[in-house]
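**Q** Below you'll find the structure I mean.
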Amino acid sequence: MIQQLQLGVEQAFAQVVEEYQHLVYNTVLGMLQNREEAEDVAQEVFIQMFQSINQFKGESKLSTWLYRIAITKSLDWQRRKNRKKRFAFIEGLFGADDTVKHDPPEFNHPGVAMENKEKSALLFKAIKGLPENQKTAFILNKVEGLSYDEVATVMQVTQASVEAFLHRAKQNLRKELGDYYNKNK
Amino acid sequence: MDNLYKKEQEIENILNSIEGIARAEAPPFFYTRLQARMQKQEESSLVNRFLGLFVQPVFAVATLSLFIVLNLATLNSVLKEKKEMPKSQVSSDASLQSFAKDYDLSVPTLYGDTKNN
């Protein structure tokens with residue numbers, strides 16, 4: 001299939017998109033927590049794959065490569081969004097734009113069981129504040145269900161590093177959720 | 001103590017709330033929309049490539065050269081035309097003066113009078 005992709009066969013591209021669209025969308029959705037943005041970025045992932053398929057040497061699985069593109073694109077998107085937010089804030093200070101732009105108040109992942117919706121919304125809100133490496137490891141492990149070894153391959157770090165990222169992520173989440181509990185009890 | 005236990009329990013529940021989470025599915029017709037976007041990008045890149053030709057240095061130099069060549073050619077043809085002009089046309093100044101004399105079109109001046117005196 002990879003050879004056909006490299007030859008530009010449209011059928012092969014359609015097949016890859018069909019097979020991996022949910023994997024890519026779910027990863028990006030976990031990272032960005034916004035359905036519209038996740039679709040946009042998931043499309044960008046496949047466009048990037050199509051454009052740089054000749055650089056794929058087959059040393060890793062296609063899914064690993066797609067995970068990497070999805071994570072990179074999501075982080076880039078988030079950085080761009082944060083920059084825009086800062087700029088909008090400065091503009092707001094000088095009265096150039098007095099409309100207040102908010103993100104949706106809470107994110108409900110469609111794959112969470114109904115009885116857990118409320119709690120998972122709190123968890124996703126806390127995940128937003130994690131540093132990039134911790135957030136990536138947490139999403140790949142908890143939301144995409146990858147093993148430590150698979151997360152390490154995607155992130156191109158050792159398994160010990162993944163364990164450390166996840167440990168620190170949980171510590172940070174506990175702290176954040178504890179603060180929330182103290183404020184709202 | 002009881003409160004602390006309750007808090008820890010609540011945090012643990014929140015952390016475990018995504019256990020067994022199902023994979024979110026991409027929206028329907030994802031591939032169709034992806035195809036449309038790629039086609040649009042391809043079209044705009046073709047237009048950009050075409051417009052990009054005009055800002056290439058080669059294109060700018062070629063336009064400038066053409067401008068200079070056309071100017072030189074025009075100048076050359078004008079000079080050639082002047083050289084090939086018949087003598088009668090060249091002496092048109094003298095005939096004009098005689099025409100003015102015949103019809104007394106010269107402008108009378110005070111200085112002319114003083115000269116005669």
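Residues in the structure tokens are named by chain (A, B, ... in the order shown) and by number from 1 within that chain; ligands are numbered from 1 in the order shown.
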Using only C-alpha atoms, I'd like every residue of chain B that has an atom within 7 Å of chain A; please write them out as a PyMOL selection string.
**A** chain B and resi 11+14-15+17-18+21-26+31+34
**Q** Could you check how far atom CA of A:Phe89 sits from atom CA of A:Asp76, in Å to one decimal?
**A** 20.0 Å
**Q** Give me the residues within 8 Å of A:Gln159 as a list in words, counting only C-alpha atoms and dropping any in the same chain fewer than 4 places off.
**A**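 Those residues are Tyr148, Asp149, Val151, Ala152 and Glu163 of chain A.
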**Q** Could you pull out the alpha helix (DSSP H) residues of stretch 24-176 of chain A, going by DSSP on the backbone, and write them as a PyMOL selection string?
**A** chain A and resi 24-32+35-51+62-93+117-128+132-138+148-155+159-176
**Q** Show me, as a list of chain:residue names, the residues that have an atom within 8 Å of A:Thr64 when counting only C-alpha atoms, minus same-chain residues fewer than 4 positions from it.
**A**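 Answer for this query is A:Ser60, A:Arg68, A:Thr153, A:Val154.
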**Q** For A:Leu75, which residue among A:Leu62, A:Glu106, A:Glu132, A:Gln55 is the nearest when counting only C-alpha atoms?
**A**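 Nearest to A:Leu75: A:Glu132.
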**Q** Report, in Å with one decimal, the straight-line distance from atom CA of B:Ile68 to atom CA of B:Lys80.
**A** 18.2 Å
**Q** What gap, in Å, lies between atom CA of A:Val157 and atom CA of A:Lys61?
**A**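 It comes out at 16.3 Å.
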